[in-house]
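Single-structure report; data block below.
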Amino acid sequence: MAFAYPFGNRRSRKFPGGVHPHGCESSKSLTSGKAFEAAPIPDRLIIPLSQHIGAPCVCLVKAGDTVNLGQMIGETSAFVSAPVHASASGRVLSVAPCMLPNGVSVPSVIIDNDYEDRWDPSIAPDPDVAQREPQVLIARVRAAGIVGMGGAAFPTAVKLTVPQGKSIDTLIINGVECEPYLTVDHRLMLERTGDLIDGAKLAQRIVNAKRLVFGIEANKPDAIAAVRKAAGDKAEVVELPVRYPQGGEKQLIYALTGRSVPLGGLPSAIGAAVLNISTTIEISHALRTGRPLIERGITVSGLVREPKNLTARIGTPLVDLIEYCGGLREETGKIILGGPMMGIALNRLEVPLTKNSSGLLAVGGESIAPDETPCIRCGRCTRSCPMRLQPAIIDAYARKRMWEEVGANGVLNCIECGVCTYVCPAKRQLTQMCRVGKKMAAPFVKRAQGAEPTSKKKA
Amino acid sequence: MAKRWNASSSPHWRDASSTASLMRDVCVALIPALGFSVWYFGRQALTVIIVCVLSSVAAEYLYQRHAKKPVRVNDWSAVVTGLLLAMNLPPTAPWWMCAIGSAIAIILIKQIFGGIGQNFLNPALGARTILMISWATLMTATVVGRGSGEALDAVSQATSVDALTQATPLALSLVNSRSPYTASQLFLGTVPGMLGETSKLALLIGGAYLLVRRVITWHIPVTFILTVFVLFLIQTGTVWEDGSSQSALYQTLSGGLILSAFFMATDYVTSPITPLGKAIMGVGCGLILWVIRAFNPSYPEGCSFAILFMNLLTPLINRAFRPIWFGETKAGEVKGGA
């Protein structure tokens with residue numbers, strides 16, 4: 001594959017569009033200097049059986065069962081899926097539908113904690129990881145329930161499985177963390193640098209990539225220095241200019257390699273794979289210790305009384321994390337799971353922490369969507385869109401329910417980064433209309449592609 | 001029951017700019033040119049400006065109230081329309097013509113088609129053109145400003161035009177191959193003309209402000225002005241050369257070109273969205289302006305018509321030149337690289 005991008009001089013490309021959200025650095029400074037604290041394990045944990053993209057798990061336990069810490073409680077034979085594990089030892093109270101943060105109700109295992117933290121006897125460290133075949137390691141990553149922990153929750157084992165006829169020459173570790181407020185990856189790069197490099201090297205061996213590249217934004221100089229020092233000559237560490245949404249998979253690949261993922265394609269189509277920082281550390285942890293994904297780091301910040309970086313068990317009610325951080329200040333107008341650009345606003349706090357939640361933010365009333373005014377066609381959304389779509393045009397068609405036109409304007413390529421709504425002076429909900437458009441236009445686009453499978457004509 | 005929070009969709013952060021802040025920026029950018037016109041043309045210019053702004057805002061308010069639409073006068077867009085209309089009227093325009101022009105711009109051209117964001121013509125230029133057709137004499141007469149007496153005396157002798165209401169540099173170019181004005185007069189604006197178009201210096205300061213504040217991009221102004229300059233340079237082969245009124249610099253600094261390039265052609269609603277589209281708009285405006293100025297002996301100025309024509313083409317340009325989507329290549333093809 002023709003490839004000639006100068007990694008050596010640590011330069012990067014500017015991906016199309018993007019913004020620098022205001023207050024990006026000041027919001028991160030609330031927690032960027034604070035080491036992780038372990039949040040208390042709650043009396044009762046709610047563990048959803050579907051925390052990932054792909055098939056939901058089948059429940060392996062029933063009410064009244066005793067479970068051990070790290071015991072697999074949900075599994076499926078589907079390829080695109082990830083099992084779930086008990087994140088505390090105790091007794092299964094019930095298996096019942098529970099509300100996820102995104103408002104969807106899914107079957108969940110509710111465990112009453114016995115506070116013994118009794119590890120499952122099947123779990124044992126593996127001293128011979130270095131000798132294992134990639135296939136064995138992929139199976140273990142899957143068994144550990146690892147998913148993309150940056151937000152997408154795509155099963156990591158699937159990502160590490162190189163498709164037939166494809167090869168991956170570049171493994172990218174995503175240390176961009178471009179969302180305001182979030183400092184989880186920043187702190188992990190400082191506090192668990194060794195595990196991070198180890199996980200990256202293991203993943204590099206699994207996908208058989210020649211290059212291993214860390215992409216880290218320039219507003220984390222201490223993390224860049226730490227990773228550079230630990231990586232030595234084992235990996236390249238590229239300092240990226242601060243620009244949202246650089247942490248987007250396609251944007252980061254372009255910034256670091258100059259290659260763009262073809263529309264509708266996966267990174268493997270251009271020989272690249274991207275792993276999040278938390279995910280990479282979890283790969284090392286799971287393969288070395290045999291322990292599955294049962295806890296994760298999360299930034300609890302904004303208008304909580306004591307902003308913190310926490311490690312918390314999966315299934316911990318979010319309200320507990322807020323309480324542990326001193327509770328909400330009175331000005332709080334909105335609670336966000338994730339970052340302010342892409343996170344989900346929570347209608348209520350009695351929902352469990354899932355594998356892909358990297359931030360829990362309390363923000364003021366100004367974050368509530370303002371009233372929309374008419375589009376003035378200033379073109380800012382078009383200039384800022386990292387996928388080079390025209391959100392205002394998609395928005396106009398979507399509001400007239402002209403879904404075929406919505407699809408013809410490329411809505412399916414939207415990554416829902418939120419930049420269009422962020423920059424819109426008319427305060428229109430462009431991202432939301434693109435989201436709706438993606439759902440509604442998908443059948444039309446499929447039909448059109450079926451009619452002329454090879455052509456991707458301009459609309 | 002536990003508290004239920006607002007769950008409006010992401011993103012939860014917004015940029016501080018708003019329609020009103022963009023429009024206010026345009027008003028700020030117009031201050032140098034407006035200030036110059038009041039200094040140069042005197043109180044009658046101030047009257048034109050005030051009447052245009054007040055009647056534009058009033059027309060917007062009354063129409064929206066009457067049509068039972070949300071009243072949006074606080075978005076400042078009617079103020080901008082009023083100011084831009086004033087800049088495109090002669091300083092001698094009677095108050096009733098200013099009021100009628102404002103009503104045409106706001107009601108006939110903007111609101112009838114759906115209000116802000118929906119008009120297919122630039123409101124101020126549309127109204128100016130209708131006034132031009134309706135009251136041609138009032139619209140073409142311009143007054144002597146302060147400090148240009150000597151040059152104008154010379155002109156009036158040469159052209160036998162009444163010295164009190166003077167023909168513009170471009171009107172003179174039709175009858176006179178030598179410019180009576182120096183380049184610095186044209187640049188500073190001490191020449192007859194429409195209220196806001198004379199001082200290129202003041203307009204460039206305002207244009208630079210719009211560029212710095214990122215209210216507009218460079219594409220339309222630069223391509224528009226450059227096209228006019230280059231076409232006249234090719235046609236006459238002279239940049240200035242002792243003030244030939246067909247020379248490239250004379251034509252660039254005369255009439256409404258600078259005003260139009262920075263403030264009229266860049267109107268969001270009626271100009272293309274993408275950089276390529278904007279460049280096409282700019283070149284197209286320049287081309288049409290050149291054709292009108294160079295080949296139409298009865299009509300010395302063509303900025304309004306050039307822009308209005310390109311306004312009409314804007315939807316087609318938007319449709320024909322959408323951006324190439326990120327990653328829009330044949331599957332497997334590697335884009336970029338070195």
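Residues are named by chain letter and number: chains run A, B, ... in the order of the structure tokens, numbers start at 1 in each chain, and ligands are numbered from 1 in the order shown.
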Item checked: Backbone-only DSSP, helix (DSSP H, G or I) members of stretch 352-446 of chain A, as a PyMOL selection string -> chain A and resi 365-367+380-384+391-399+403-408+411-413+419-423+430-446
Would you put the residues from that selection into a file with C-alpha atoms, as a CSV table (one decimal), in the first residue's frame?
```
chain,number,residue,atom,x,y,z
A,365,GLY,CA,-29.1,25.9,32.9
A,366,GLU,CA,-27.3,27.6,29.9
A,367,SER,CA,-26.7,24.2,28.5
A,380,ARG,CA,-20.8,27.8,9.4
A,381,CYS,CA,-22.1,24.3,9.9
A,382,THR,CA,-20.8,23.4,6.4
A,383,ARG,CA,-17.4,24.9,7.1
A,384,SER,CA,-17.1,23.2,10.5
A,391,PRO,CA,-26.1,20.1,8.1
A,392,ALA,CA,-28.3,23.0,7.3
A,393,ILE,CA,-29.5,21.4,4.1
A,394,ILE,CA,-30.0,18.0,5.8
A,395,ASP,CA,-31.9,19.9,8.5
A,396,ALA,CA,-34.2,21.7,6.0
A,397,TYR,CA,-35.1,18.4,4.2
A,398,ALA,CA,-35.5,16.5,7.5
A,399,ARG,CA,-38.0,19.0,8.8
A,403,TRP,CA,-36.0,11.4,3.8
A,404,GLU,CA,-34.8,10.4,0.4
A,405,GLU,CA,-33.2,13.9,0.0
A,406,VAL,CA,-31.8,13.7,3.5
A,407,GLY,CA,-30.1,10.4,2.5
A,408,ALA,CA,-28.9,11.8,-0.8
A,411,VAL,CA,-26.6,12.0,6.3
A,412,LEU,CA,-25.5,8.4,7.0
A,413,ASN,CA,-21.9,9.6,7.2
A,419,VAL,CA,-20.1,20.7,15.9
A,420,CYS,CA,-22.8,22.0,13.6
A,421,THR,CA,-25.2,22.7,16.5
A,422,TYR,CA,-22.3,24.2,18.5
A,423,VAL,CA,-21.4,26.8,15.8
A,430,LEU,CA,-28.8,20.5,13.5
A,431,THR,CA,-27.1,17.5,15.1
A,432,GLN,CA,-30.4,16.2,16.4
A,433,MET,CA,-32.0,16.5,13.0
A,434,CYS,CA,-29.1,14.6,11.4
A,435,ARG,CA,-29.6,11.9,14.1
A,436,VAL,CA,-33.3,11.6,13.2
A,437,GLY,CA,-32.3,11.8,9.5
A,438,LYS,CA,-29.9,8.9,9.9
A,439,LYS,CA,-32.6,6.7,11.2
A,440,MET,CA,-35.3,7.7,8.7
A,441,ALA,CA,-33.1,7.9,5.6
A,442,ALA,CA,-31.3,4.6,6.0
A,443,PRO,CA,-33.9,2.5,4.1
A,444,PHE,CA,-33.9,4.9,1.2
A,445,VAL,CA,-30.1,4.9,1.0
A,446,LYS,CA,-30.0,1.1,1.1
```
### Task
Specify as a ChimeraX atom specification all residues of chain A found within 6 Å of chain B, counting only C-alpha atoms.
/A:3-5,258-263,269,334,340-342,345-348,367,375-379,387-388,418,422-423,425-426
Would you save the residues of that selection, restricted to C-alpha atoms, as a short mmCIF file (atom, residue, chain, number, x, y, z; two decimals), in the first residue's frame?
```
data_model
loop_
_atom_site.label_atom_id
_atom_site.label_comp_id
_atom_site.auth_asym_id
_atom_site.auth_seq_id
_atom_site.Cartn_x
_atom_site.Cartn_y
_atom_site.Cartn_z
CA PHE A 3 2.15 5.12 2.15
CA ALA A 4 4.45 7.99 2.79
CA TYR A 5 3.45 10.10 5.70
CA GLY A 258 -3.32 11.22 5.97
CA ARG A 259 -5.66 8.39 4.98
CA SER A 260 -9.40 8.76 5.01
CA VAL A 261 -11.72 5.90 5.81
CA PRO A 262 -13.94 5.31 2.77
CA LEU A 263 -17.61 6.13 3.22
CA ALA A 269 -10.20 -0.88 4.83
CA LYS A 334 -28.54 19.54 33.48
CA PRO A 340 -20.69 18.28 26.75
CA MET A 341 -20.40 17.81 22.98
CA MET A 342 -21.56 14.22 22.54
CA ALA A 345 -28.39 14.45 29.07
CA LEU A 346 -29.76 12.32 31.87
CA ASN A 347 -33.39 12.61 32.70
CA ARG A 348 -32.74 10.93 36.06
CA SER A 367 -26.73 24.15 28.50
CA CYS A 375 -31.45 29.48 9.41
CA ILE A 376 -29.60 32.46 7.92
CA ARG A 377 -27.49 30.23 5.64
CA CYS A 378 -24.25 31.55 7.03
CA GLY A 379 -22.56 28.26 6.12
CA MET A 387 -17.38 14.90 7.53
CA ARG A 388 -17.87 17.81 5.09
CA GLY A 418 -22.26 18.09 17.60
CA TYR A 422 -22.28 24.17 18.48
CA VAL A 423 -21.41 26.76 15.82
CA PRO A 425 -25.70 31.24 15.32
CA ALA A 426 -29.40 30.55 14.77
#
```
Atom CA of A:Ala312 and atom CA of A:Val95 are how many Å apart?
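The value is 21.7 Å.
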(Q) Between A:Asn219, A:Ser77, A:Thr316, A:Thr183, which residue has the minimum interatomic distance to A:Asn113, considering only C-alpha atoms? (A)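 Distance minimum relative to A:Asn113 lands on A:Thr316.
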From a DSSP pass on the backbone, collect the residues of stretch 16-123 of chain A flagged as strand (DSSP E) and hand them back as a VMD selection string. chain A and resid 37 to 38 44 to 48 58 to 59 66 to 67 72 to 75 84 to 85 90 to 99 105 to 113
Can those selected residues be exported to a file as a PDB file, in the first residue's frame so that it contains C-alpha atoms?
```
ATOM      1  CA  GLU A  37     -10.009   7.777  43.789  1.00  0.00           C
ATOM      2  CA  ALA A  38     -11.897   4.530  44.206  1.00  0.00           C
ATOM      3  CA  ARG A  44     -26.853  -2.827  45.080  1.00  0.00           C
ATOM      4  CA  LEU A  45     -25.490  -2.906  41.527  1.00  0.00           C
ATOM      5  CA  ILE A  46     -27.488  -2.860  38.335  1.00  0.00           C
ATOM      6  CA  ILE A  47     -25.678  -4.611  35.483  1.00  0.00           C
ATOM      7  CA  PRO A  48     -27.363  -4.220  32.088  1.00  0.00           C
ATOM      8  CA  VAL A  58     -28.375 -14.004  27.375  1.00  0.00           C
ATOM      9  CA  CYS A  59     -28.575 -14.038  31.149  1.00  0.00           C
ATOM     10  CA  THR A  66     -24.798 -16.391  44.517  1.00  0.00           C
ATOM     11  CA  VAL A  67     -22.275 -14.725  42.209  1.00  0.00           C
ATOM     12  CA  MET A  72     -19.664 -14.056  33.734  1.00  0.00           C
ATOM     13  CA  ILE A  73     -23.390 -13.367  34.086  1.00  0.00           C
ATOM     14  CA  GLY A  74     -24.334 -12.684  30.472  1.00  0.00           C
ATOM     15  CA  GLU A  75     -23.022 -14.119  27.189  1.00  0.00           C
ATOM     16  CA  VAL A  84     -20.948  -8.943  30.998  1.00  0.00           C
ATOM     17  CA  HIS A  85     -19.623  -9.860  34.436  1.00  0.00           C
ATOM     18  CA  GLY A  90     -23.144 -11.261  46.325  1.00  0.00           C
ATOM     19  CA  ARG A  91     -26.617 -12.493  45.604  1.00  0.00           C
ATOM     20  CA  VAL A  92     -28.722 -11.932  42.504  1.00  0.00           C
ATOM     21  CA  LEU A  93     -31.794 -10.069  43.661  1.00  0.00           C
ATOM     22  CA  SER A  94     -33.569 -10.212  40.333  1.00  0.00           C
ATOM     23  CA  VAL A  95     -33.205 -10.061  36.582  1.00  0.00           C
ATOM     24  CA  ALA A  96     -35.457  -7.276  35.385  1.00  0.00           C
ATOM     25  CA  PRO A  97     -35.585  -4.549  32.755  1.00  0.00           C
ATOM     26  CA  CYS A  98     -33.788  -1.419  33.894  1.00  0.00           C
ATOM     27  CA  MET A  99     -33.378   1.956  32.316  1.00  0.00           C
ATOM     28  CA  SER A 105     -34.862  -0.225  28.986  1.00  0.00           C
ATOM     29  CA  VAL A 106     -32.830  -3.456  28.846  1.00  0.00           C
ATOM     30  CA  PRO A 107     -32.813  -6.656  30.938  1.00  0.00           C
ATOM     31  CA  SER A 108     -30.369  -6.194  33.794  1.00  0.00           C
ATOM     32  CA  VAL A 109     -28.976  -8.299  36.613  1.00  0.00           C
ATOM     33  CA  ILE A 110     -29.421  -6.694  39.997  1.00  0.00           C
ATOM     34  CA  ILE A 111     -26.863  -7.852  42.556  1.00  0.00           C
ATOM     35  CA  ASP A 112     -26.945  -7.306  46.316  1.00  0.00           C
ATOM     36  CA  ASN A 113     -23.340  -6.724  47.341  1.00  0.00           C
TER      37      ASN A 113
END
```
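Each of A:Arg11, A:Arg187, A:Arg211, A:Arg401 was compared to A:Thr311 using only C-alpha atoms, and A:Arg187 turns out to be the nearest.
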Computed gap from atom CA of B:Gly256 to atom CA of B:Leu46 is 19.2 Å
